Structures are given as structure tokens and as C-alpha cells.
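Source file final-v2.cif; content: mmCIF, C-alpha atoms.
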data_query
#
loop_
_atom_site.label_atom_id
_atom_site.label_comp_id
_atom_site.auth_asym_id
_atom_site.auth_seq_id
_atom_site.Cartn_x
_atom_site.Cartn_y
_atom_site.Cartn_z
CA MET A 1 43.14 98.93 91.87
CA ALA A 2 42.87 102.27 93.65
CA ARG A 3 45.90 103.65 95.39
CA ASN A 4 46.27 101.82 98.69
CA LYS A 5 45.90 104.11 101.67
CA HIS A 6 47.56 101.56 103.94
CA PRO A 7 51.10 100.92 102.73
CA GLU A 8 51.68 98.20 105.35
CA GLU A 9 48.78 96.24 103.83
CA THR A 10 50.35 96.54 100.39
CA VAL A 11 53.67 95.26 101.73
CA HIS A 12 51.90 92.40 103.48
CA LEU A 13 50.09 91.48 100.25
CA ILE A 14 53.30 91.61 98.18
CA LEU A 15 55.13 89.38 100.67
CA ASP A 16 52.30 86.86 100.82
CA VAL A 17 52.05 86.60 97.05
CA ALA A 18 55.83 86.46 96.62
CA PHE A 19 56.22 83.76 99.24
CA ARG A 20 53.52 81.64 97.60
CA LEU A 21 55.13 82.05 94.15
CA PHE A 22 58.64 81.36 95.44
CA MET A 23 57.19 78.17 96.91
CA GLU A 24 55.27 77.10 93.82
CA LYS A 25 57.78 78.02 91.13
CA GLY A 26 61.04 78.41 93.03
CA TYR A 27 62.79 81.73 93.64
CA GLU A 28 64.91 81.72 90.48
CA GLN A 29 61.92 80.96 88.26
CA THR A 30 59.75 83.75 89.72
CA SER A 31 59.98 87.19 88.10
CA ILE A 32 58.83 90.54 89.47
CA GLN A 33 56.26 90.47 86.65
CA ASP A 34 54.89 87.14 87.96
CA ILE A 35 54.41 88.75 91.36
CA ILE A 36 52.68 91.78 89.81
CA ASN A 37 50.39 89.51 87.79
CA HIS A 38 49.11 88.01 91.05
CA LEU A 39 48.59 91.32 92.83
CA GLY A 40 45.19 92.16 91.31
CA GLY A 41 46.13 95.25 89.38
CA LEU A 42 48.88 96.73 91.55
CA SER A 43 51.29 98.62 89.30
CA LYS A 44 54.98 97.96 88.78
CA GLY A 45 55.57 101.41 90.27
CA ALA A 46 53.72 100.45 93.47
CA ILE A 47 55.87 97.36 93.99
CA TYR A 48 59.08 99.29 93.28
CA HIS A 49 57.93 101.91 95.74
CA HIS A 50 58.37 99.32 98.50
CA PHE A 51 61.08 97.02 97.13
CA LYS A 52 64.12 97.78 94.99
CA SER A 53 64.45 94.29 93.55
CA LYS A 54 63.31 90.69 93.70
CA GLU A 55 66.17 89.98 96.09
CA ASP A 56 64.84 92.73 98.31
CA ILE A 57 61.47 90.96 98.41
CA LEU A 58 63.16 87.67 99.28
CA VAL A 59 65.02 89.36 102.13
CA ALA A 60 61.72 90.76 103.46
CA VAL A 61 60.05 87.34 103.15
CA THR A 62 62.85 85.66 105.08
CA ASP A 63 62.88 88.50 107.64
CA LYS A 64 59.23 87.81 108.27
CA ILE A 65 59.92 84.10 108.79
CA THR A 66 62.87 84.98 111.05
CA HIS A 67 60.64 87.29 113.05
CA GLU A 68 58.10 84.49 113.57
CA SER A 69 60.90 82.12 114.52
CA ASN A 70 62.28 84.63 117.02
CA GLN A 71 58.86 84.96 118.64
CA MET A 72 58.80 81.19 119.14
CA LEU A 73 62.32 81.34 120.66
CA ALA A 74 61.30 84.17 123.00
CA THR A 75 58.22 82.28 124.20
CA ILE A 76 60.25 79.19 125.09
CA ARG A 77 63.08 81.26 126.62
CA ASP A 78 60.56 82.93 128.94
CA ARG A 79 58.78 79.77 130.13
CA THR A 80 59.10 79.14 133.86
CA ASP A 81 58.26 75.43 133.89
CA LEU A 82 61.42 74.11 132.12
CA ASN A 83 65.10 73.95 133.00
CA GLY A 84 67.77 75.11 130.51
CA LYS A 85 68.31 71.74 128.88
CA GLU A 86 64.55 71.14 128.51
CA LYS A 87 64.18 74.55 126.84
CA LEU A 88 66.86 73.72 124.26
CA LYS A 89 65.21 70.37 123.58
CA THR A 90 61.84 72.11 123.13
CA ILE A 91 63.38 74.62 120.72
CA PHE A 92 64.84 71.92 118.49
CA LYS A 93 61.57 70.02 118.49
CA GLU A 94 59.57 73.15 117.65
CA SER A 95 62.04 74.35 115.01
CA ILE A 96 61.82 71.25 112.92
CA SER A 97 58.10 70.71 113.57
CA ARG A 98 56.66 74.06 112.54
CA PRO A 99 54.58 73.69 109.36
CA VAL A 100 56.31 76.74 107.84
CA GLN A 101 59.53 74.71 107.73
CA ASN A 102 58.04 72.59 104.94
CA ASP A 103 57.38 75.78 103.03
CA ILE A 104 60.88 77.09 103.55
CA PHE A 105 62.27 73.81 102.36
CA THR A 106 60.25 74.01 99.19
CA VAL A 107 61.26 77.62 98.52
CA ALA A 108 64.93 76.73 98.88
CA PRO A 109 66.61 79.78 97.36
CA ASP A 110 69.87 79.04 95.62
CA PHE A 111 72.53 80.55 97.87
CA HIS A 112 75.04 80.31 95.04
CA LYS A 113 73.09 83.07 93.37
CA ASN A 114 72.16 84.82 96.62
CA PRO A 115 75.36 85.14 98.65
CA LYS A 116 73.98 88.27 100.37
CA LEU A 117 71.17 86.19 101.76
CA LEU A 118 73.70 83.72 103.11
CA PHE A 119 75.59 86.54 104.75
CA SER A 120 72.42 87.90 106.37
CA LEU A 121 71.51 84.42 107.64
CA LEU A 122 74.98 84.04 109.21
CA HIS A 123 74.75 87.50 110.70
CA GLU A 124 71.24 87.00 112.09
CA THR A 125 72.25 83.64 113.59
CA ILE A 126 75.41 84.83 115.33
CA GLU A 127 74.60 88.44 116.15
CA GLU A 128 70.89 88.20 116.96
CA ALA A 129 69.47 84.75 117.65
CA ALA A 130 72.44 83.34 119.60
CA PRO A 131 72.85 86.20 122.12
CA ASN A 132 69.14 87.01 122.54
CA TYR A 133 67.59 83.56 122.77
CA ILE A 134 70.09 80.71 123.18
CA PHE A 135 72.60 82.45 125.44
CA PRO A 136 70.07 83.26 128.24
CA ILE A 137 68.82 79.66 128.12
CA ILE A 138 72.35 78.27 128.45
CA LYS A 139 73.04 80.66 131.33
CA GLN A 140 69.92 79.35 133.03
CA GLY A 141 71.09 75.77 132.33
CA ILE A 142 74.41 76.50 134.04
CA SER A 143 72.56 77.87 137.12
CA ASP A 144 70.15 74.94 137.38
CA GLY A 145 72.93 72.39 136.69
CA SER A 146 71.45 70.99 133.46
CA ILE A 147 74.19 72.37 131.11
CA GLN A 148 77.98 72.26 131.60
CA THR A 149 80.15 74.96 130.02
CA ASP A 150 82.33 77.87 131.12
CA TYR A 151 81.59 79.79 127.90
CA PRO A 152 77.81 80.17 127.47
CA GLU A 153 78.01 82.91 124.80
CA GLN A 154 80.32 80.93 122.56
CA LEU A 155 78.44 77.66 123.06
CA ALA A 156 75.24 79.46 122.02
CA GLU A 157 76.95 80.56 118.79
CA LEU A 158 78.42 77.14 118.06
CA ILE A 159 75.07 75.38 118.51
CA LEU A 160 73.13 77.80 116.32
CA LEU A 161 75.81 78.05 113.62
CA THR A 162 75.85 74.28 113.35
CA ALA A 163 72.06 73.93 113.38
CA ASN A 164 71.13 76.89 111.14
CA VAL A 165 74.00 76.83 108.67
CA TRP A 166 75.77 73.47 108.47
CA MET A 167 72.61 71.41 108.86
CA ASN A 168 70.61 73.70 106.57
CA PRO A 169 69.98 71.80 103.31
CA MET A 170 69.38 75.13 101.56
CA ILE A 171 73.03 76.03 102.14
CA PHE A 172 74.77 72.70 101.96
CA ASP A 173 73.22 70.30 99.58
CA SER A 174 72.96 67.05 101.53
CA SER A 175 71.22 63.77 100.72
CA GLU A 176 68.72 62.38 103.23
CA GLU A 177 71.41 60.05 104.50
CA GLU A 178 73.99 62.84 104.90
CA THR A 179 71.51 65.08 106.73
CA TYR A 180 70.82 62.24 109.13
CA TYR A 181 74.55 61.65 109.71
CA LYS A 182 75.08 65.37 110.32
CA PHE A 183 72.40 65.27 112.95
CA MET A 184 74.08 62.28 114.62
CA VAL A 185 77.39 64.19 114.76
CA PHE A 186 75.52 67.26 116.04
CA SER A 187 73.98 65.13 118.76
CA GLN A 188 77.40 63.67 119.74
CA MET A 189 78.74 67.25 119.88
CA LEU A 190 75.92 68.34 122.22
CA LYS A 191 76.53 65.34 124.49
CA GLY A 192 80.07 66.64 125.01
CA PHE A 193 78.46 69.66 126.69
CA GLY A 194 76.15 67.56 128.85
CA LEU A 195 73.28 68.13 126.42
CA ASP A 196 71.56 64.84 125.71
CA ILE A 197 68.57 66.30 123.90
CA VAL A 198 68.19 64.34 120.68
CA ASP A 199 65.50 61.65 120.65
CA ASN A 200 63.87 59.42 118.05
CA GLU A 201 60.97 61.82 117.42
CA LEU A 202 63.45 64.55 116.42
CA LEU A 203 65.39 62.21 114.13
CA GLU A 204 62.21 61.01 112.42
CA ARG A 205 61.08 64.57 111.71
CA LEU A 206 64.48 65.45 110.32
CA ARG A 207 64.30 62.58 107.86
CA GLU A 208 60.91 63.74 106.65
CA LEU A 209 62.21 67.26 105.99
CA ALA A 210 65.20 65.95 104.04
CA VAL A 211 62.84 63.93 101.82
CA ILE A 212 60.65 67.00 101.12
CA TYR A 213 63.70 69.00 100.13
CA GLN A 214 65.12 66.33 97.85
CA LYS A 215 61.75 65.93 96.08
CA ASN A 216 61.55 69.66 95.45
CA LYS A 217 65.08 69.69 94.07
CA LEU A 218 64.25 66.92 91.65
CA LYS A 219 61.17 68.86 90.58
CA SER A 220 63.08 72.06 89.86
CA ALA A 221 65.80 70.12 88.02
CA LEU A 222 63.22 68.77 85.55
CA MET B 1 106.62 97.73 79.28
CA ALA B 2 106.66 95.51 76.23
CA ARG B 3 103.86 93.00 75.75
CA ASN B 4 104.52 90.08 78.06
CA LYS B 5 105.09 86.85 76.20
CA HIS B 6 104.40 84.84 79.35
CA PRO B 7 100.87 85.59 80.55
CA GLU B 8 101.34 83.43 83.66
CA GLU B 9 104.16 85.73 84.76
CA THR B 10 101.91 88.76 84.32
CA VAL B 11 99.22 87.10 86.43
CA HIS B 12 101.80 86.21 89.06
CA LEU B 13 103.04 89.81 89.15
CA ILE B 14 99.52 91.25 89.43
CA LEU B 15 98.66 88.90 92.29
CA ASP B 16 101.89 89.70 94.17
CA VAL B 17 101.40 93.44 93.87
CA ALA B 18 97.69 93.23 94.72
CA PHE B 19 98.35 91.06 97.77
CA ARG B 20 101.00 93.49 99.04
CA LEU B 21 98.68 96.48 98.53
CA PHE B 22 95.69 94.75 100.11
CA MET B 23 97.94 94.12 103.10
CA GLU B 24 99.36 97.62 103.30
CA LYS B 25 96.22 99.65 102.58
CA GLY B 26 93.40 97.19 103.14
CA TYR B 27 91.24 95.72 100.38
CA GLU B 28 88.56 98.42 100.41
CA GLN B 29 91.15 101.21 100.22
CA THR B 30 93.02 99.70 97.25
CA SER B 31 91.84 100.64 93.75
CA ILE B 32 92.62 98.94 90.45
CA GLN B 33 94.53 102.12 89.60
CA ASP B 34 96.72 101.66 92.72
CA ILE B 35 97.58 98.17 91.52
CA ILE B 36 98.39 99.45 88.00
CA ASN B 37 100.60 102.19 89.46
CA HIS B 38 102.77 99.51 91.07
CA LEU B 39 103.03 97.30 88.00
CA GLY B 40 105.84 99.19 86.29
CA GLY B 41 103.99 100.36 83.21
CA LEU B 42 101.52 97.56 82.64
CA SER B 43 98.42 99.01 81.02
CA LYS B 44 94.87 98.98 82.36
CA GLY B 45 93.98 96.85 79.36
CA ALA B 46 96.56 94.24 80.33
CA ILE B 47 95.17 93.87 83.83
CA TYR B 48 91.58 93.68 82.54
CA HIS B 49 92.71 91.03 80.09
CA HIS B 50 93.30 88.75 83.07
CA PHE B 51 90.83 90.01 85.68
CA LYS B 52 87.33 91.42 85.31
CA SER B 53 87.36 93.36 88.57
CA LYS B 54 89.14 94.03 91.84
CA GLU B 55 86.99 91.35 93.44
CA ASP B 56 88.23 88.95 90.78
CA ILE B 57 91.80 89.73 91.82
CA LEU B 58 90.95 89.16 95.46
CA VAL B 59 89.44 85.79 94.59
CA ALA B 60 92.64 84.84 92.73
CA VAL B 61 94.80 86.01 95.65
CA THR B 62 92.79 83.93 98.13
CA ASP B 63 92.78 80.96 95.71
CA LYS B 64 96.55 81.11 95.73
CA ILE B 65 96.65 81.11 99.53
CA THR B 66 94.12 78.26 99.60
CA HIS B 67 96.28 76.32 97.16
CA GLU B 68 99.31 76.73 99.42
CA SER B 69 97.24 75.74 102.45
CA ASN B 70 95.98 72.63 100.63
CA GLN B 71 99.54 71.61 99.83
CA MET B 72 100.35 71.79 103.56
CA LEU B 73 97.27 69.69 104.33
CA ALA B 74 98.24 67.11 101.70
CA THR B 75 101.78 66.80 103.06
CA ILE B 76 100.54 66.11 106.60
CA ARG B 77 97.78 63.77 105.39
CA ASP B 78 100.38 61.68 103.56
CA ARG B 79 102.90 61.39 106.41
CA THR B 80 103.47 57.83 107.60
CA ASP B 81 104.95 58.60 111.05
CA LEU B 82 101.77 59.99 112.70
CA ASN B 83 98.44 58.52 113.75
CA GLY B 84 95.16 60.26 112.84
CA LYS B 85 94.91 62.34 116.00
CA GLU B 86 98.56 63.46 115.75
CA LYS B 87 97.95 64.55 112.14
CA LEU B 88 94.99 66.73 113.15
CA LYS B 89 97.03 68.23 115.95
CA THR B 90 99.88 68.97 113.52
CA ILE B 91 97.45 70.60 111.08
CA PHE B 92 96.07 72.97 113.70
CA LYS B 93 99.56 73.86 114.85
CA GLU B 94 100.75 74.52 111.28
CA SER B 95 97.62 76.41 110.29
CA ILE B 96 97.95 79.01 112.98
CA SER B 97 101.77 79.13 112.81
CA ARG B 98 102.33 79.78 109.12
CA PRO B 99 103.75 83.28 108.62
CA VAL B 100 101.26 83.92 105.82
CA GLN B 101 98.50 83.84 108.43
CA ASN B 102 99.74 87.18 109.78
CA ASP B 103 99.41 88.58 106.28
CA ILE B 104 95.90 87.24 105.83
CA PHE B 105 94.91 88.73 109.14
CA THR B 106 96.18 92.13 108.08
CA VAL B 107 94.40 91.96 104.70
CA ALA B 108 91.10 91.11 106.40
CA PRO B 109 88.67 91.76 103.56
CA ASP B 110 85.29 93.00 104.70
CA PHE B 111 82.90 90.11 104.10
CA HIS B 112 79.94 92.45 104.47
CA LYS B 113 81.00 93.93 101.16
CA ASN B 114 82.25 90.63 99.73
CA PRO B 115 79.53 88.06 100.35
CA LYS B 116 80.65 86.10 97.28
CA LEU B 117 84.02 85.58 98.89
CA LEU B 118 82.31 84.28 102.01
CA PHE B 119 80.33 81.85 99.90
CA SER B 120 83.45 80.61 98.16
CA LEU B 121 85.21 80.14 101.50
CA LEU B 122 82.26 78.10 102.79
CA HIS B 123 82.17 76.08 99.60
CA GLU B 124 85.92 75.44 99.55
CA THR B 125 85.85 74.39 103.22
CA ILE B 126 82.95 71.95 102.96
CA GLU B 127 83.26 70.67 99.39
CA GLU B 128 87.05 70.57 98.97
CA ALA B 129 89.16 70.75 102.12
CA ALA B 130 86.95 68.59 104.37
CA PRO B 131 86.57 65.57 102.03
CA ASN B 132 90.08 65.69 100.53
CA TYR B 133 92.24 66.33 103.58
CA ILE B 134 90.42 65.99 106.92
CA PHE B 135 88.16 63.04 106.05
CA PRO B 136 91.04 60.64 105.12
CA ILE B 137 92.85 61.60 108.35
CA ILE B 138 89.77 60.90 110.47
CA LYS B 139 89.27 57.58 108.67
CA GLN B 140 92.88 56.71 109.53
CA GLY B 141 92.24 57.79 113.15
CA ILE B 142 89.26 55.43 113.36
CA SER B 143 91.43 52.54 112.07
CA ASP B 144 94.33 53.23 114.44
CA GLY B 145 91.98 53.84 117.40
CA SER B 146 92.96 57.48 117.99
CA ILE B 147 89.60 59.02 116.93
CA GLN B 148 86.06 57.90 117.87
CA THR B 149 83.18 58.56 115.50
CA ASP B 150 80.79 56.63 113.28
CA TYR B 151 80.49 59.53 110.84
CA PRO B 152 83.97 60.56 109.61
CA GLU B 153 82.75 62.63 106.64
CA GLN B 154 80.41 64.75 108.74
CA LEU B 155 82.90 65.16 111.58
CA ALA B 156 85.46 66.44 109.04
CA GLU B 157 82.93 69.06 107.88
CA LEU B 158 81.98 70.10 111.40
CA ILE B 159 85.61 70.56 112.48
CA LEU B 160 86.58 72.62 109.43
CA LEU B 161 83.42 74.73 109.37
CA THR B 162 83.98 75.62 113.00
CA ALA B 163 87.70 76.33 112.57
CA ASN B 164 87.60 78.14 109.21
CA VAL B 165 84.35 80.04 109.52
CA TRP B 166 83.19 80.50 113.10
CA MET B 167 86.68 81.04 114.50
CA ASN B 168 87.73 83.21 111.56
CA PRO B 169 88.01 86.80 112.83
CA MET B 170 87.65 88.03 109.24
CA ILE B 171 84.09 86.66 109.19
CA PHE B 172 82.98 87.12 112.77
CA ASP B 173 84.40 90.13 114.45
CA SER B 174 85.62 88.83 117.84
CA SER B 175 87.71 90.47 120.52
CA GLU B 176 90.88 88.72 121.67
CA GLU B 177 88.96 87.41 124.66
CA GLU B 178 86.06 86.12 122.58
CA THR B 179 88.43 84.37 120.13
CA TYR B 180 90.08 82.66 123.06
CA TYR B 181 86.72 81.56 124.49
CA LYS B 182 85.68 80.24 121.07
CA PHE B 183 88.81 78.18 120.97
CA MET B 184 88.07 76.77 124.42
CA VAL B 185 84.58 75.73 123.29
CA PHE B 186 86.09 74.28 120.10
CA SER B 187 88.51 72.29 122.22
CA GLN B 188 85.70 70.98 124.46
CA MET B 189 83.80 69.99 121.31
CA LEU B 190 86.79 68.04 119.99
CA LYS B 191 87.22 66.25 123.31
CA GLY B 192 83.69 64.90 122.87
CA PHE B 193 85.04 63.03 119.83
CA GLY B 194 88.08 61.70 121.70
CA LEU B 195 90.24 64.47 120.21
CA ASP B 196 92.33 66.02 122.95
CA ILE B 197 94.58 68.06 120.66
CA VAL B 198 94.64 71.57 122.06
CA ASP B 199 97.73 72.52 124.10
CA ASN B 200 99.16 75.72 125.56
CA GLU B 201 101.38 76.41 122.55
CA LEU B 202 98.29 76.48 120.29
CA LEU B 203 96.40 78.76 122.65
CA GLU B 204 99.32 81.18 122.92
CA ARG B 205 99.61 81.46 119.13
CA LEU B 206 95.91 82.06 118.80
CA ARG B 207 96.08 84.96 121.23
CA GLU B 208 98.90 86.52 119.22
CA LEU B 209 96.88 86.34 116.00
CA ALA B 210 93.85 87.93 117.64
CA VAL B 211 96.04 90.84 118.78
CA ILE B 212 97.47 91.36 115.27
CA TYR B 213 93.98 91.43 113.82
CA GLN B 214 92.64 93.86 116.40
CA LYS B 215 95.59 96.23 115.85
CA ASN B 216 94.99 96.23 112.12
CA LYS B 217 91.32 96.94 112.62
CA LEU B 218 92.13 99.93 114.80
CA LYS B 219 94.55 101.15 112.15
CA SER B 220 92.01 100.97 109.32
CA ALA B 221 89.36 102.62 111.50
CA LEU B 222 91.59 105.70 111.95
#
What's the C-alpha cells form of this structure?
Amino acid sequence: MARNKHPEETVHLILDVAFRLFMEKGYEQTSIQDIINHLGGLSKGAIYHHFKSKEDILVAVTDKITHESNQMLATIRDRTDLNGKEKLKTIFKESISRPVQNDIFTVAPDFHKNPKLLFSLLHETIEEAAPNYIFPIIKQGISDGSIQTDYPEQLAELILLTANVWMNPMIFDSSEEETYYKFMVFSQMLKGFGLDIVDNELLERLRELAVIYQKNKLKSAL
Amino acid sequence: MARNKHPEETVHLILDVAFRLFMEKGYEQTSIQDIINHLGGLSKGAIYHHFKSKEDILVAVTDKITHESNQMLATIRDRTDLNGKEKLKTIFKESISRPVQNDIFTVAPDFHKNPKLLFSLLHETIEEAAPNYIFPIIKQGISDGSIQTDYPEQLAELILLTANVWMNPMIFDSSEEETYYKFMVFSQMLKGFGLDIVDNELLERLRELAVIYQKNKLKSAL
């Protein structure tokens, strides 16, 4: 392959191929060489020009997913037809309904071996997503009377930390049953803040995701 | 120094010296050589016989603190004079009143540079402390009517994750004010589960700890 004149296209191609391989084979089982083999003649040098390591590629793949997720959050935050509580409900529904979630659940990087990734997820949740997307929605909810709290910033953090970290089966290995129980506790927690946003549709979707994840784990254990 | 016939005493000595230095100078500013210099003639070889790296020593130091904390949890769990809710209240009071907490707050390892340590804290919280100490207390609370939940295992995890991770100023850099607000949200969360356990004494202590931590941070920034 001739030298690519558009480096952003090369990066895009590498991330697409890597994401597909991480999904098909699992992150641990994918080597840099596997990625190169699927890049139609791109050299090892070209890939190392953009990424220092396989972990670096994983970080870029997850950044891309985070970016897409943040765009979804921004769109809902900026809607004018919903009150604060309805926006939060819409976010939870969207988050666990996006098709990409199935993909993420099948990639399922092993955080034991990727503690840096865990740290960046925690950081992104608390320092970026909570203040930029959830906090303004809670502030709106306080104004329109649909959410009750004196501490909107901290409630935003608590909700996202619980949802993105504790209930994340990639971080804490939970059975289908445990994931469901976590969600019930999460829902009781939200009710304490006047947030009755969990319905049967949400619970059903959550069960489906837990099943997908468990199946993939069995597969990679074989 | 002659070869130590009691390796456990050598380990004990290394951990004591390392802990004191981490406290005085900060973890990042302490080198293996600093530790050796304070060990009264113990060779570099002797220290590397027991620990692979400085991070390894830090893990052992925190394991020791965790072990002491778990003993406190076990003692309260096994008391026969308190109901479930009173036990949880006692645990929170003890946790933030133990003198060693001041020390931990002055050590304050930088989790950005120690993501493995963060992972082990998360793991220890969810896989060890929650099921072994908090879960049995919540189960007791359900029996004696002092705690309301259908999911004692998951509530134990949620409480500890929030207290040990989110409210931990070593992980999430919070101002005194923010730490206080977090605690208020935490307390509102607990109330949603029938757990009205936060009183003024607890809040006062929490403010003190936040001040100690902030002072130390200023010191190491100079």
C-alpha cells in the first residue's frame, strides 16, 4: 500500500480494524500483528507511527466510543421538550439500548490487565461526563421541580459512578442475576432523590445485555 | 547488619520504615535508596529479596492497613449488643476516627501513577470487605428490622464503593467543601434505605480529615 497522504484516514482504519478484532477474538487474544494482517499491507512502522502499543489502540478505540456516547448525552441535555427527570430517564434508556453496547460487551477488556484503562474510565466519568452532561440536567430538574437535591454536582457524580463503574460488567464480574439486583438497588437509590425513572423496558434490556456478556465470557474461557 | 534469621522481622522493619517515609516525603518522592538508608545497614539485595519494587512495598503497606481495618470491621460485625443499623453507624464512626486515617491521608499516593493500586482497592472493597463484613451486618439489620432492602449483597457493595472510592480524597481530588457535599449526598442515599446514621460528630470529623489532606497537598506542591 502506498504511503497514506491522509493520516486521519489511516488512524480511522486502524481503529476500525482493531475494534472488530477485539470484538471477534477478545482484546487479550489480539496482537498488533493480527491488526497489521488486516490492514491490507500497512507496515508495522505505519501503525507505530500513530500508536505506541496495543493498549494505546484500545484507549483510542474506547475514546471514540466515549466521544459518540458524549454526543448522545449532549443531544438529550439540549432538548427543550423534556424536564430534568425525563432527560435522565431518556439517557438511561438510550445508554443501554444503543447497538454499540452489545459490541462493547463482547469486547470486554480485562481490567485486571488494564488498570490504566480503568483509571481513565473513572476519570472520564467523574471529571468529564458528570459535570458536562448530568450536572446541567439535574440543575434543570431542580428548577422545574422534577428532582430533589441540594447538591446537584455530587449527585451527578454518584449516579454516573454507580452506573458506569459499579454496574459495568466489564469491571465487576456479575452474573445475570447479580446485575439485575444491582439495578434494583440503583433504582431504590434514585427513588431516594425523587427519581423514579426505572421501568420494565429498562430492566428487560439490562437482562439481555448481561446474557450477552456471560455468553462471551464462556466463549473466551473455552 | 548480620543476616536476619527472622525474615518476617525484616519485612516488618521495611514496611515500618517505608510507611514513615511515604508519610514524611510522599510516595513519589521516596526512593528505594531512601528506604535502604533508614534500615540500619540492610543491603539492597535484602530488600529486593522481599520486594520486587517500590510499588510492591506500597502494596504491602496498604495490605497491612487493610488487614488492620478488616480486624476492626470483624470486631464490630461480631458484637452482640448492637442491631444492624447501629453496627453500620459504629463502623463509619470508627473508620473516620482511627488515628491511622490521618497517616493515610498524608501518604496520599498518586493513583494517576499507581492505577494498579486503584484496581486492588476496588477489588478489595467489592470482593472482600463488602461480602465479609458489611453484607452480614445488613442481613442482621433486615432480620432485626433496622434496615430495609431486598438486596443485602448489592447494598453492601454500593455503600462501600461509595464510601471507599468516591468519597476517598486520594482517588478523587475534592476540596473540603466538595467532600462535605459528597457526604451529604451519601447520607441522603443511605436514608433511602432506612439508614439514618449520619450525625454531627461524623460530619465534623470528616471536615477535619479533608483539611489535613488539603494541607498535605499544598505541602507536596511546594
*Name the closest residue to Ile91 of chain A among the candidates A:Gly194, A:Glu128, A:Leu160, A:Ile147; distances are taken between atoms, counting only C-alpha atoms.*
A:Leu160
*Hey, can you pull every residue with an atom no more than 8 Å from (83.8, 78.9, 115.2), using all atoms listed in the file, and send it as a ChimeraX atom specification?*
/A:157-158 /B:161-168,182-183,186
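Note that the spacing between atom CA of Ser143 of chain A and atom CA of Lys85 of chain A amounts to 11.1 Å.
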*Where does the PyMOL selection byres ((chain B) within 10 of (chain A)) land in this file, that is, which residues does it pick, as a ChimeraX atom specification?*
/B:111-120,122-123,126-127,149-155,157-158,161-162,165-167,171-172,178-186,188-194
*Run through the PyMOL selection byres ((chain A and resi 38-45) around 9) on the given coordinates and return the selected residues as a ChimeraX atom specification.*
/A:1-3,10,13-14,17-18,32-37,46-50
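For the set A:Ser31, A:Ile76, A:Asp81, A:Leu121, the residue with the smallest atom-to-atom gap to Asp63 of chain A is A:Leu121, counting only C-alpha atoms.
Here atom CA of Phe22 of chain B is placed at a distance of 14.3 Å from atom CA of Ser53 of chain B.
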*asked:* Given the point (61.9, 61.0, 115.1) in the file's coordinates, find the residues that have an atom at most 12 Å from it, counting only C-alpha atoms, and give them as an MDAnalysis selection string.
replied: chainID A and resid 92:93 96:97 180 183 198:209
Residues from last step as file, C-alpha atoms, as a short mmCIF file (atom, residue, chain, number, x, y, z; two decimals), in the coordinates of the input:
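The resulting file, selection-v3.cif, is shown below:
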data_model
loop_
_atom_site.label_atom_id
_atom_site.label_comp_id
_atom_site.auth_asym_id
_atom_site.auth_seq_id
_atom_site.Cartn_x
_atom_site.Cartn_y
_atom_site.Cartn_z
CA PHE A 92 64.84 71.92 118.49
CA LYS A 93 61.57 70.02 118.49
CA ILE A 96 61.82 71.25 112.92
CA SER A 97 58.10 70.71 113.57
CA TYR A 180 70.82 62.24 109.13
CA PHE A 183 72.40 65.27 112.95
CA VAL A 198 68.19 64.34 120.68
CA ASP A 199 65.50 61.65 120.65
CA ASN A 200 63.87 59.42 118.05
CA GLU A 201 60.97 61.82 117.42
CA LEU A 202 63.45 64.55 116.42
CA LEU A 203 65.39 62.21 114.13
CA GLU A 204 62.21 61.01 112.42
CA ARG A 205 61.08 64.57 111.71
CA LEU A 206 64.48 65.45 110.32
CA ARG A 207 64.30 62.58 107.86
CA GLU A 208 60.91 63.74 106.65
CA LEU A 209 62.21 67.26 105.99
#
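Relative to atom CA of Tyr27 of chain B, atom CA of Leu58 of chain B is found at 8.2 Å.
For Ile137 of chain B, the list of residues within 10 Å, based on only C-alpha atoms and with local chain neighbours fewer than 2 positions off taken out, reads Ile76, Arg77, Asp78, Asn83, Gly84, Lys85, Glu86, Lys87, Leu88, Ala130, Pro131, Asn132, Tyr133, Ile134, Phe135, Lys139, Gln140, Gly141, Ile142, Ser143, Ile147, Pro152 and Ala156 of chain B.
Residues selected in this file by the PyMOL selection byres ((chain B and resi 66) around 12) comprise Val59, Ala60, Val61, Thr62, Asp63, Lys64, Ile65, His67, Glu68, Ser69, Asn70, Gln71, Met72, Leu73, Ser95, Val100, Gln101, Ile104, Ser120, Leu121, Glu124, Thr125, Glu128, Ala129 and Asn164 of chain B.
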